[in-house]
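Source file: target_3.cif; contents: mmCIF, C-alpha atoms.
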data_query
#
loop_
_atom_site.label_atom_id
_atom_site.label_comp_id
_atom_site.auth_asym_id
_atom_site.auth_seq_id
_atom_site.Cartn_x
_atom_site.Cartn_y
_atom_site.Cartn_z
CA MET A 105 -18.79 -68.64 -21.09
CA ALA A 106 -19.06 -72.41 -20.99
CA ARG A 107 -16.37 -74.68 -22.37
CA SER A 108 -18.69 -76.25 -24.95
CA GLN A 109 -18.70 -74.08 -28.04
CA GLU A 110 -20.33 -73.93 -31.42
CA THR A 111 -17.88 -74.14 -34.28
CA GLU A 112 -19.63 -71.84 -36.73
CA THR A 113 -17.67 -68.80 -37.89
CA ARG A 114 -18.80 -65.80 -39.83
CA THR A 115 -16.76 -66.63 -42.93
CA PRO A 116 -14.87 -69.78 -43.99
CA ALA A 117 -12.06 -67.73 -45.55
CA PRO A 118 -8.89 -67.39 -43.43
CA PRO A 119 -8.67 -63.98 -41.75
CA PRO A 120 -6.10 -61.47 -43.00
CA ARG A 121 -2.93 -60.70 -41.09
CA GLN A 122 -2.83 -57.35 -39.35
CA ALA A 123 -0.94 -54.52 -41.01
CA PRO A 124 2.46 -53.59 -39.55
CA GLY A 125 2.23 -51.23 -36.58
CA THR A 126 -1.08 -52.61 -35.33
CA LEU A 127 -2.03 -54.97 -32.50
CA GLY A 128 -4.90 -57.23 -33.49
CA VAL A 129 -7.17 -57.82 -30.50
CA GLY A 130 -9.55 -60.77 -30.16
CA MET A 131 -11.98 -60.60 -27.25
CA VAL A 132 -13.91 -63.48 -25.66
CA GLY A 133 -17.14 -62.26 -24.07
CA TYR A 134 -19.42 -59.35 -24.94
CA ALA A 135 -21.54 -58.50 -21.88
CA PHE A 136 -20.76 -55.90 -19.19
CA MET A 137 -16.98 -56.29 -19.18
CA GLY A 138 -16.92 -56.93 -22.91
CA ALA A 139 -18.53 -53.55 -23.52
CA ALA A 140 -16.13 -51.83 -21.11
CA HIS A 141 -13.04 -53.43 -22.67
CA SER A 142 -14.32 -52.62 -26.17
CA GLN A 143 -14.54 -48.96 -25.16
CA GLY A 144 -10.94 -49.09 -23.97
CA TRP A 145 -9.55 -50.71 -27.11
CA ARG A 146 -11.62 -48.48 -29.39
CA THR A 147 -10.47 -45.27 -27.69
CA ALA A 148 -6.85 -45.76 -26.54
CA GLY A 149 -5.22 -45.26 -29.94
CA HIS A 150 -7.20 -42.07 -30.56
CA VAL A 151 -6.12 -40.47 -27.26
CA PHE A 152 -2.60 -41.70 -26.54
CA ASP A 153 0.40 -41.76 -28.84
CA LEU A 154 0.90 -45.53 -28.90
CA PRO A 155 3.72 -47.56 -30.47
CA LEU A 156 1.09 -50.02 -31.80
CA ARG A 157 -2.46 -49.15 -32.78
CA PRO A 158 -5.11 -51.52 -31.38
CA ALA A 159 -7.28 -53.09 -34.07
CA LEU A 160 -10.58 -54.67 -33.00
CA ALA A 161 -10.14 -57.82 -35.09
CA ALA A 162 -12.80 -60.17 -33.74
CA ILE A 163 -15.13 -60.73 -30.81
CA CYS A 164 -16.30 -64.15 -29.62
CA GLY A 165 -19.44 -65.46 -27.92
CA ARG A 166 -21.62 -68.57 -28.01
CA ASP A 167 -24.81 -66.94 -29.34
CA ARG A 168 -24.41 -66.10 -33.06
CA ALA A 169 -27.07 -63.39 -33.17
CA ALA A 170 -25.92 -61.78 -29.92
CA VAL A 171 -22.22 -61.76 -30.80
CA ASP A 172 -22.95 -60.37 -34.28
CA ALA A 173 -24.96 -57.58 -32.65
CA ALA A 174 -22.14 -56.91 -30.17
CA ALA A 175 -19.58 -56.77 -32.98
CA ALA A 176 -21.65 -54.18 -34.84
CA ARG A 177 -22.36 -52.14 -31.71
CA HIS A 178 -18.81 -52.02 -30.40
CA GLY A 179 -16.88 -51.80 -33.65
CA TRP A 180 -15.38 -55.28 -34.03
CA ALA A 181 -14.47 -56.30 -37.58
CA ALA A 182 -15.58 -59.93 -37.24
CA ALA A 183 -17.29 -62.38 -34.91
CA GLU A 184 -16.63 -65.98 -33.84
CA THR A 185 -18.62 -68.47 -31.79
CA ASP A 186 -15.65 -70.65 -30.79
CA TRP A 187 -12.79 -69.17 -28.78
CA ARG A 188 -10.41 -71.72 -30.26
CA ALA A 189 -11.14 -70.29 -33.71
CA LEU A 190 -10.50 -66.82 -32.31
CA ILE A 191 -7.08 -67.87 -31.02
CA ALA A 192 -6.24 -69.43 -34.39
CA ARG A 193 -6.86 -66.22 -36.34
CA ASP A 194 -3.74 -64.72 -37.96
CA ASP A 195 -5.06 -61.18 -37.45
CA VAL A 196 -5.23 -61.63 -33.67
CA GLN A 197 -2.10 -61.12 -31.59
CA LEU A 198 -3.76 -60.55 -28.20
CA ILE A 199 -6.62 -62.42 -26.54
CA ASP A 200 -8.73 -60.37 -24.12
CA ILE A 201 -10.71 -62.64 -21.76
CA CYS A 202 -13.98 -61.19 -20.41
CA THR A 203 -15.75 -64.44 -19.51
CA PRO A 204 -16.85 -65.95 -16.17
CA GLY A 205 -13.95 -67.25 -14.08
CA ASP A 206 -14.51 -70.94 -14.82
CA SER A 207 -13.10 -70.51 -18.34
CA HIS A 208 -10.20 -68.12 -17.63
CA ALA A 209 -7.51 -70.75 -17.17
CA GLU A 210 -8.40 -72.86 -20.20
CA ILE A 211 -8.60 -69.91 -22.59
CA ALA A 212 -5.56 -68.06 -21.23
CA ILE A 213 -3.27 -71.08 -21.25
CA ALA A 214 -4.35 -72.07 -24.77
CA ALA A 215 -3.79 -68.52 -26.01
CA LEU A 216 -0.34 -68.26 -24.43
CA GLU A 217 0.69 -71.64 -25.82
CA ALA A 218 -0.45 -70.43 -29.26
CA GLY A 219 1.91 -67.46 -29.04
CA LYS A 220 -0.67 -64.79 -28.20
CA HIS A 221 -0.47 -62.03 -25.62
CA VAL A 222 -3.25 -62.19 -23.01
CA LEU A 223 -5.29 -59.73 -20.96
CA CYS A 224 -7.54 -61.55 -18.46
CA GLU A 225 -10.27 -60.05 -16.33
CA LYS A 226 -10.05 -60.39 -12.58
CA PRO A 227 -10.13 -62.46 -10.47
CA LEU A 228 -7.48 -64.36 -12.37
CA ALA A 229 -9.14 -67.75 -11.83
CA ASN A 230 -11.66 -69.55 -9.65
CA ASN A 231 -9.06 -71.16 -7.41
CA VAL A 232 -5.37 -71.12 -6.56
CA ALA A 233 -4.49 -74.24 -8.56
CA GLU A 234 -5.88 -72.73 -11.77
CA ALA A 235 -4.12 -69.42 -11.08
CA GLU A 236 -0.82 -71.23 -10.51
CA ALA A 237 -1.19 -73.03 -13.84
CA MET A 238 -1.84 -69.69 -15.53
CA VAL A 239 1.26 -68.18 -13.97
CA ARG A 240 3.40 -71.10 -15.15
CA ALA A 241 2.06 -70.60 -18.69
CA ALA A 242 2.71 -66.84 -18.44
CA GLU A 243 6.28 -67.40 -17.28
CA ALA A 244 6.98 -69.75 -20.19
CA ALA A 245 5.38 -67.25 -22.59
CA ALA A 246 7.39 -64.34 -21.17
CA ALA A 247 10.58 -66.12 -22.24
CA ARG A 248 9.18 -65.93 -25.78
CA GLY A 249 8.42 -62.21 -25.47
CA GLN A 250 4.70 -62.53 -24.72
CA VAL A 251 2.75 -60.46 -22.21
CA ALA A 252 0.14 -61.73 -19.73
CA MET A 253 -1.68 -59.07 -17.74
CA VAL A 254 -4.64 -59.25 -15.32
CA GLY A 255 -7.36 -56.61 -15.48
CA PHE A 256 -7.43 -54.81 -12.14
CA ASN A 257 -8.74 -51.67 -13.82
CA TYR A 258 -9.05 -49.54 -10.66
CA ARG A 259 -5.26 -49.29 -10.55
CA LYS A 260 -5.70 -47.18 -13.67
CA VAL A 261 -7.73 -44.43 -11.96
CA PRO A 262 -5.37 -41.41 -12.05
CA ALA A 263 -6.03 -40.59 -8.38
CA ILE A 264 -5.17 -44.17 -7.35
CA SER A 265 -1.97 -44.14 -9.41
CA TYR A 266 -1.03 -40.80 -7.91
CA ALA A 267 -1.72 -42.08 -4.38
CA ARG A 268 0.69 -44.93 -5.06
CA MET A 269 3.34 -42.41 -6.12
CA LEU A 270 2.91 -40.36 -2.92
CA ILE A 271 3.15 -43.46 -0.72
CA ALA A 272 6.20 -44.75 -2.60
CA GLU A 273 7.86 -41.34 -2.09
CA GLY A 274 7.41 -41.76 1.68
CA ARG A 275 4.89 -38.95 2.12
CA LEU A 276 2.92 -41.07 4.63
CA GLY A 277 5.97 -42.53 6.36
CA PRO A 278 5.71 -46.04 7.84
CA LEU A 279 2.17 -47.33 7.29
CA ARG A 280 -0.12 -48.15 10.21
CA HIS A 281 -3.58 -48.89 8.76
CA VAL A 282 -5.26 -49.69 5.44
CA ARG A 283 -9.06 -49.63 5.29
CA ALA A 284 -10.92 -50.77 2.21
CA THR A 285 -14.63 -51.21 1.53
CA TYR A 286 -16.52 -52.07 -1.65
CA LEU A 287 -20.29 -51.90 -1.28
CA GLN A 288 -23.06 -52.61 -3.82
CA ASP A 289 -26.79 -53.25 -3.49
CA TRP A 290 -27.86 -55.15 -6.61
CA LEU A 291 -28.68 -58.32 -4.65
CA VAL A 292 -30.69 -56.74 -1.81
CA ASP A 293 -33.98 -57.82 -3.41
CA PRO A 294 -34.53 -61.56 -2.73
CA ALA A 295 -36.36 -61.75 -6.06
CA SER A 296 -33.21 -60.90 -8.03
CA PRO A 297 -32.49 -63.87 -10.31
CA LEU A 298 -29.83 -66.54 -9.97
CA THR A 299 -27.24 -65.28 -12.47
CA TRP A 300 -23.88 -66.98 -13.08
CA ARG A 301 -22.26 -64.68 -10.50
CA LEU A 302 -24.20 -66.54 -7.79
CA LYS A 303 -22.97 -70.01 -8.76
CA ARG A 304 -19.66 -71.23 -7.36
CA GLU A 305 -18.94 -73.45 -10.35
CA HIS A 306 -18.91 -70.37 -12.62
CA ALA A 307 -17.85 -67.47 -10.36
CA GLY A 308 -15.60 -69.18 -7.80
CA SER A 309 -16.92 -66.97 -5.00
CA GLY A 310 -19.43 -64.14 -4.57
CA ALA A 311 -18.82 -60.63 -3.31
CA LEU A 312 -15.41 -61.85 -2.14
CA GLY A 313 -14.07 -62.56 -5.63
CA ASP A 314 -16.15 -59.98 -7.46
CA LEU A 315 -15.49 -57.00 -5.18
CA GLY A 316 -12.99 -58.24 -2.62
CA ALA A 317 -10.44 -59.05 -5.32
CA HIS A 318 -10.35 -55.37 -6.28
CA ILE A 319 -9.81 -54.01 -2.78
CA VAL A 320 -7.25 -56.67 -1.86
CA ASP A 321 -5.28 -55.78 -4.98
CA LEU A 322 -5.59 -52.04 -4.32
CA ALA A 323 -4.52 -52.38 -0.69
CA GLN A 324 -1.39 -54.32 -1.65
CA TYR A 325 -0.68 -52.06 -4.65
CA LEU A 326 -0.95 -48.84 -2.65
CA ALA A 327 0.95 -50.14 0.35
CA GLY A 328 3.67 -51.68 -1.81
CA GLU A 329 3.58 -54.83 0.32
CA LEU A 330 1.60 -58.03 0.66
CA LEU A 331 -0.90 -59.38 3.13
CA THR A 332 0.58 -62.14 5.28
CA GLY A 333 -2.57 -63.40 7.02
CA VAL A 334 -6.31 -62.81 7.45
CA SER A 335 -9.23 -63.45 9.78
CA ALA A 336 -12.66 -63.50 8.15
CA VAL A 337 -16.41 -63.92 8.35
CA SER A 338 -18.79 -64.31 5.41
CA GLU A 339 -22.50 -64.83 4.91
CA THR A 340 -25.05 -65.77 2.28
CA PHE A 341 -28.21 -63.91 3.33
CA VAL A 342 -30.48 -65.14 0.51
CA ARG A 343 -29.84 -68.83 -0.05
CA GLU A 344 -32.34 -69.45 -2.85
CA ARG A 345 -33.28 -67.21 -5.77
CA PRO A 346 -35.52 -67.42 -8.83
CA LEU A 347 -33.85 -69.02 -11.82
CA LEU A 348 -32.81 -66.71 -14.63
CA ALA A 349 -35.35 -66.40 -17.44
CA GLY A 350 -33.35 -65.84 -20.61
CA ALA A 351 -29.98 -64.09 -20.81
CA SER A 352 -28.61 -61.85 -18.09
CA ALA A 353 -28.15 -58.13 -18.74
CA GLY A 354 -25.19 -56.55 -16.97
CA LEU A 355 -25.40 -57.63 -13.33
CA SER A 356 -29.03 -58.68 -13.40
CA GLY A 357 -31.75 -60.19 -15.61
CA SER A 358 -35.36 -61.39 -15.66
CA ALA A 359 -36.42 -63.91 -13.03
CA ASP A 360 -38.45 -67.08 -13.55
CA THR A 361 -41.75 -66.83 -11.70
CA VAL A 362 -41.75 -70.42 -10.40
CA GLU A 363 -38.41 -72.24 -10.44
CA ARG A 364 -35.76 -71.46 -7.84
CA GLY A 365 -32.15 -72.50 -7.33
CA GLU A 366 -29.51 -72.50 -4.61
CA VAL A 367 -27.06 -69.61 -4.19
CA THR A 368 -23.65 -71.23 -3.68
CA VAL A 369 -21.46 -68.15 -3.09
CA ASP A 370 -21.19 -65.50 -0.39
CA ASP A 371 -23.28 -62.32 -0.37
CA ALA A 372 -20.79 -60.51 1.88
CA ALA A 373 -17.34 -60.98 3.39
CA ILE A 374 -15.59 -58.98 6.10
CA PHE A 375 -12.00 -59.63 7.09
CA THR A 376 -8.98 -58.18 8.80
CA GLY A 377 -5.39 -58.72 7.84
CA ARG A 378 -1.78 -57.83 8.50
CA LEU A 379 0.70 -56.53 5.96
CA ALA A 380 4.30 -57.67 5.83
CA SER A 381 5.48 -54.52 7.67
CA GLY A 382 3.06 -55.14 10.53
CA ALA A 383 0.49 -52.58 9.37
CA LEU A 384 -3.12 -53.59 9.96
CA ALA A 385 -5.78 -53.83 7.26
CA SER A 386 -9.56 -54.22 7.19
CA PHE A 387 -11.84 -55.12 4.29
CA GLU A 388 -15.57 -55.26 3.63
CA ALA A 389 -17.08 -56.55 0.38
CA THR A 390 -20.84 -56.86 -0.03
CA ARG A 391 -23.54 -56.82 -2.69
CA MET A 392 -26.24 -56.35 -0.01
CA ALA A 393 -25.65 -52.72 1.10
CA ALA A 394 -28.93 -50.96 0.30
CA GLY A 395 -28.37 -47.63 -1.40
CA ARG A 396 -24.75 -48.28 -2.33
CA LYS A 397 -24.36 -48.71 -6.08
CA ASN A 398 -20.60 -48.96 -6.58
CA ALA A 399 -19.09 -47.52 -3.43
CA LEU A 400 -15.37 -48.30 -3.29
CA ARG A 401 -13.48 -46.42 -0.57
CA LEU A 402 -9.90 -46.60 0.65
CA GLU A 403 -7.97 -44.92 3.46
CA ILE A 404 -4.29 -45.37 4.27
CA ASN A 405 -2.84 -44.00 7.51
CA GLY A 406 0.89 -43.60 8.14
CA GLU A 407 3.15 -41.99 10.70
CA LEU A 408 3.50 -38.83 8.61
CA GLY A 409 0.07 -38.52 7.03
CA SER A 410 -3.01 -40.11 5.47
CA LEU A 411 -4.64 -40.57 2.07
CA ALA A 412 -8.29 -41.30 1.28
CA PHE A 413 -10.07 -42.13 -1.98
CA ASP A 414 -13.75 -42.51 -2.90
CA LEU A 415 -14.67 -43.97 -6.30
CA GLU A 416 -17.83 -41.85 -6.37
CA ARG A 417 -15.46 -38.84 -6.52
CA LEU A 418 -12.80 -40.52 -8.61
CA ASN A 419 -11.07 -37.34 -9.78
CA GLU A 420 -10.21 -36.43 -6.19
CA LEU A 421 -7.74 -37.56 -3.56
CA SER A 422 -7.85 -36.49 0.10
CA PHE A 423 -4.42 -35.94 1.65
CA HIS A 424 -3.41 -35.05 5.19
CA ASP A 425 0.19 -34.02 5.95
CA HIS A 426 0.69 -34.72 9.65
CA THR A 427 4.01 -32.85 9.69
CA GLU A 428 2.24 -29.50 9.28
CA PRO A 429 1.42 -27.35 12.34
CA ALA A 430 -1.68 -28.63 14.11
CA ALA A 431 -3.33 -25.21 13.95
CA THR A 432 -3.59 -25.39 10.14
CA ALA A 433 -3.27 -29.12 9.40
CA GLY A 434 -6.15 -31.14 8.01
CA PHE A 435 -7.30 -33.14 5.02
CA ARG A 436 -7.10 -31.24 1.76
CA ARG A 437 -8.61 -32.08 -1.59
CA ILE A 438 -6.26 -32.76 -4.50
CA LEU A 439 -8.07 -32.48 -7.82
CA VAL A 440 -6.25 -35.09 -9.90
CA THR A 441 -6.72 -33.54 -13.34
CA GLU A 442 -3.36 -31.87 -13.97
CA PRO A 443 -1.20 -32.97 -16.93
CA GLU A 444 1.50 -33.93 -14.39
CA HIS A 445 -0.81 -36.54 -12.88
CA PRO A 446 -0.77 -40.16 -14.19
CA TYR A 447 -2.51 -40.66 -17.57
CA LEU A 448 -3.72 -37.03 -17.71
CA GLU A 449 -1.18 -35.77 -20.25
CA ALA A 450 -3.42 -36.92 -23.10
CA TRP A 451 -6.82 -35.84 -21.81
CA TRP A 452 -8.63 -32.55 -21.17
CA PRO A 453 -7.57 -29.22 -19.59
CA PRO A 454 -7.23 -29.21 -15.78
CA GLY A 455 -10.53 -29.49 -13.94
CA HIS A 456 -12.26 -31.53 -16.66
CA GLY A 457 -12.84 -34.87 -14.95
CA LEU A 458 -12.67 -38.43 -16.23
CA GLY A 459 -14.99 -41.37 -15.50
CA TYR A 460 -15.19 -45.12 -14.95
CA GLU A 461 -14.77 -46.01 -18.63
CA HIS A 462 -11.41 -44.23 -18.79
CA THR A 463 -9.84 -46.89 -16.57
CA PHE A 464 -10.23 -49.34 -19.47
CA VAL A 465 -8.69 -46.87 -21.91
CA HIS A 466 -5.69 -46.55 -19.59
CA GLN A 467 -5.54 -50.32 -19.23
CA ALA A 468 -5.43 -50.74 -23.02
CA ARG A 469 -2.70 -48.10 -23.22
CA ASP A 470 -0.60 -49.92 -20.65
CA VAL A 471 -1.02 -53.31 -22.35
CA VAL A 472 0.05 -51.92 -25.73
CA ARG A 473 3.08 -50.13 -24.31
CA THR A 474 4.13 -53.20 -22.32
CA ILE A 475 4.02 -55.33 -25.48
CA ALA A 476 5.88 -52.81 -27.61
CA GLU A 477 8.52 -51.96 -25.01
CA ARG A 478 8.96 -55.56 -23.83
CA THR A 479 8.62 -54.60 -20.18
CA THR A 480 7.15 -56.55 -17.27
CA PRO A 481 3.32 -56.41 -17.25
CA VAL A 482 1.71 -54.60 -14.33
CA PRO A 483 -0.45 -56.05 -12.88
CA SER A 484 0.91 -59.43 -13.90
CA PHE A 485 -0.57 -62.91 -13.64
CA ALA A 486 1.68 -63.31 -10.57
CA ASP A 487 -0.12 -60.35 -9.00
CA GLY A 488 -3.41 -62.07 -9.80
CA LEU A 489 -2.19 -65.27 -8.16
CA GLN A 490 -1.24 -63.37 -5.01
CA VAL A 491 -4.78 -61.96 -4.77
CA GLN A 492 -6.18 -65.46 -5.37
CA ARG A 493 -4.15 -66.76 -2.43
CA VAL A 494 -5.60 -64.04 -0.20
CA LEU A 495 -9.14 -64.88 -1.31
CA ALA A 496 -8.54 -68.57 -0.59
CA ALA A 497 -7.21 -67.72 2.88
CA VAL A 498 -10.30 -65.58 3.55
CA GLU A 499 -12.61 -68.46 2.60
CA GLU A 500 -10.62 -70.88 4.74
CA SER A 501 -10.73 -68.54 7.74
CA ALA A 502 -14.46 -67.92 7.39
CA ALA A 503 -15.08 -71.69 7.23
CA LYS A 504 -13.06 -72.19 10.44
CA ASN A 505 -14.85 -69.68 12.67
CA SER A 506 -12.57 -66.75 11.74
CA VAL A 507 -9.31 -68.40 12.76
CA HIS A 508 -6.27 -66.40 11.66
CA THR A 509 -5.10 -67.96 8.38
CA PRO A 510 -1.68 -67.29 6.84
CA VAL A 511 -1.47 -66.29 3.17
CA PRO A 512 1.12 -68.50 1.49
CA SER A 513 4.09 -66.63 0.06
CA SER A 514 4.91 -66.68 -3.63
CA SER A 515 8.21 -68.45 -3.02
#
Would you mind writing the structure in this file as C-alpha cells?
Amino acid sequence: MARSQETETRTPAPPPRQAPGTLGVGMVGYAFMGAAHSQGWRTAGHVFDLPLRPALAAICGRDRAAVDAAAARHGWAAAETDWRALIARDDVQLIDICTPGDSHAEIAIAALEAGKHVLCEKPLANNVAEAEAMVRAAEAAAARGQVAMVGFNYRKVPAISYARMLIAEGRLGPLRHVRATYLQDWLVDPASPLTWRLKREHAGSGALGDLGAHIVDLAQYLAGELLTGVSAVSETFVRERPLLAGASAGLSGSADTVERGEVTVDDAAIFTGRLASGALASFEATRMAAGRKNALRLEINGELGSLAFDLERLNELSFHDHTEPAATAGFRRILVTEPEHPYLEAWWPPGHGLGYEHTFVHQARDVVRTIAERTTPVPSFADGLQVQRVLAAVEESAAKNSVHTPVPSSS
C-alpha cells in the first residue's frame, strides 16, 4: 500500500488492551496475502496448543469500504485506514505486513521501534539497503525481547520441513546439486493489466522477487548453506500492458481498453549458482510458462541419495537412497502425513492431506511459539536480507551479460 494514508478510524475511542494469554495481531493489507494470513491467524489457535492465543484485533487498508468488508469476511474485530494508527493500538502486540514491498521497511521499522513484534511478507524489502535497515531495527528490537520474522511460508510445508531434517541428518551425504524451478502463467496473455507487481517502484523486481525469492530461500534452507555467487539472464517479454481499471483482484484485475503503461520488472529469470560447499545450483522463475499455475519443484542430489519435491503434490516427498543395492534401489514416495512428521501432530489421521493454506497456519504457530518461548525467529529478517543479497546479485549479473557475480557475505 502507498505511504500516503487516510487518518479515519472506525471509532474515536481508544482500543482495549488484549486479555492476558492472548497475542493481539494487527495486519496491514487485505488482498491475496491478507486473506491467506487471516486464515492462518484465525485457525492456528484452534488446531495447535499454543502458549498465546492469536486475537485478530484489527486490519488496515486505505479503502474504508474495502477494509471494512475484509474485516467482516475474515473475522477481524476492527478496521483502520492508517497503519500508524494500527501500530498505536494498545490491543495490538504484533504487526503483520502484507503490503507491496515498497512499504515493508517503513512499516516494519516503525512497528519495531514502537515495541511491536513483526511478521513481514517476502521478499523482505525492495532492495538491499532497505533490508539492511530492517535487520538493524530487528537486532535492536531483539535486545528488548521482540520478534521479527519474514514470511517464507513454503518452509512450513511438512514435506519441506521433513526434507530439511533428512538432509541435516546426512541422509544425502555431501551435496552435489540443487535444482529449483517456480513456474506460473498468469502473465502469458499480453492483455493482462499492469498491476503493482509489474512496477519496479512498488514490487522491486518481477518473477525474480515474487517467485525467485521463495526458491532461493528454499535452496539455502534445505542445503543448510548459502549461495556464494550467481550467473544470470532475465527477460521482460511484454514491455507494455493495459493500465489497470479499478482495483486488482488477487494476481490480476480488469484492464483499461485504451491506456497502456510500461512494465518495469522482469517476466522471467534463470540463473546458476554455487553453494559454500562447492555444490552447484540452478534456478528458474517465470510468470510466462503457459499451463503452469503454481509449479514449484525442487531436487537435491548428494553422494548418498536424492530428494525431490513438487508443490502440486505437497503431501509427498520423493527419496532415493543410493546406498541400497542397485537391483532394488530407486525413488520411493514418502507420504508426509504421519504424526511424527513436522506439524502433523495436530492435524488429521495419516493419509489425510493438507493444502496450501495450512502453510500459513503453521507460520502463525511458529510466530506465536517464538514470541512466547523467546527463541530466535526462523526465518529471521537476517535470512530475508541474505535472500535480498542473492536477488541483487542476480539482477547485477543479468545486467552485465551473465557475468559471475559474488553474493556478499553477512559479515
Rank A:Arg391, A:Arg188, A:His466, A:Arg437 by their smallest atom-to-atom distance to Trp451 (chain A), using all atoms listed in the file, and report the top residue only. A:His466
Residues matched by the PyMOL selection byres ((chain A and resi 409-412) around 12) as JSON, numbers by chain: {"A": [263, 264, 266, 267, 268, 269, 270, 271, 274, 275, 276, 277, 278, 279, 280, 281, 282, 283, 284, 285, 323, 326, 327, 400, 401, 402, 403, 404, 405, 406, 407, 408, 413, 414, 415, 417, 418, 420, 421, 422, 423, 424, 425, 426, 427, 428, 433, 434, 435, 436, 437, 438]}
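Pairwise distance (CA of Ala502 (chain A), CA of Gly316 (chain A)) equals 14.0 Å.
Coordinates place CA of His221 (chain A) at a distance of 16.8 Å from CA of Ser142 (chain A).
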Using all atoms listed in the file, can you list as JSON, numbers by chain the residues within 12 Å of (-8.6, -46.9, -28.0)? {"A": [126, 127, 129, 140, 141, 142, 143, 144, 145, 146, 147, 148, 149, 150, 151, 152, 153, 154, 156, 157, 158, 159, 160, 178, 179, 461, 462, 463, 464, 465, 466, 467, 468, 469, 470, 471, 472]}
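With CA of Ala176 (chain A) on one side and CA of Cys224 (chain A) on the other, the separation reads 22.8 Å.
Excluding Arg304 (chain A) itself and same-chain residues fewer than 6 positions from it, the residues having an atom within 9 Å of it are A:Asn230, A:Gly310, A:Val367, A:Thr368, A:Val369, counting only C-alpha atoms.
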Do a neighbour search on Ala209 (chain A) at 7 Å with all atoms listed in the file, toss out local chain neighbours closer than 3 positions, and write the hits as a PyMOL selection string. chain A and resi 212-213+229+234+238
Atoms to include: C-alpha atoms. Write the selected residues as a tab-separated table (two decimals), in the frame of the given file.
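So again-v8.tsv came out as:
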chain	number	residue	atom	x	y	z
A	212	ALA	CA	-5.56	-68.06	-21.23
A	213	ILE	CA	-3.27	-71.08	-21.25
A	229	ALA	CA	-9.14	-67.75	-11.83
A	234	GLU	CA	-5.88	-72.73	-11.77
A	238	MET	CA	-1.84	-69.69	-15.53
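Using only C-alpha atoms, the nearest neighbour of Arg478 (chain A) within the list A:Arg248, A:His208, A:Arg177, A:Arg168 is A:Arg248.
Those residues returned by the PyMOL selection byres ((chain A and resi 457) around 12) for this file are Val261, Pro262, Ala263, Arg417, Leu418, Asn419, Glu420, Leu439, Val440, Thr441, Glu442, Pro443, Leu448, Trp451, Trp452, Pro453, Pro454, Gly455, His456, Leu458, Gly459, Tyr460, Glu461 and His462 of chain A.
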Would you kindly identify which residues have an atom no farther than 8 Å from (-4.6, -64.0, 0.7), using all atoms listed in the file and the file's own coordinates, and write them out as a ChimeraX atom specification? /A:331-334,490-498,510-512
Evaluate the PyMOL selection byres ((chain A and resi 335-348) around 7) and report residues as JSON, numbers by chain: {"A": [294, 295, 296, 297, 298, 299, 334, 349, 350, 357, 358, 359, 360, 361, 363, 364, 365, 366, 367, 369, 370, 371, 372, 373, 374, 375, 376, 377, 498, 501, 502, 506, 507, 508, 509]}
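Of the residues listed (A:Glu449, A:Met131, A:Phe136, A:Ala181), A:Met131 shows the shortest atom-to-atom separation from Ile163 (chain A); distances use all atoms listed in the file.
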Sorted by chain and rising residue number, list the residues of region 299-327 of chain A at most 7 Å from region 189-207 of chain A (counting only C-alpha atoms), each with its closest atom pair and distance in Å to one decimal, as CSV.
residue,atom,partner,partner_atom,distance
A:Glu305,CA,A:Asp206,CA,6.8
A:His306,CA,A:Asp206,CA,5.0
A:Ala307,CA,A:Gly205,CA,5.4
A:Gly308,CA,A:Gly205,CA,6.8
Could you check which of A:Leu287, A:Ala175, A:Ala252, A:Ala218 is closest to Leu315 (chain A), using only C-alpha atoms? A:Leu287
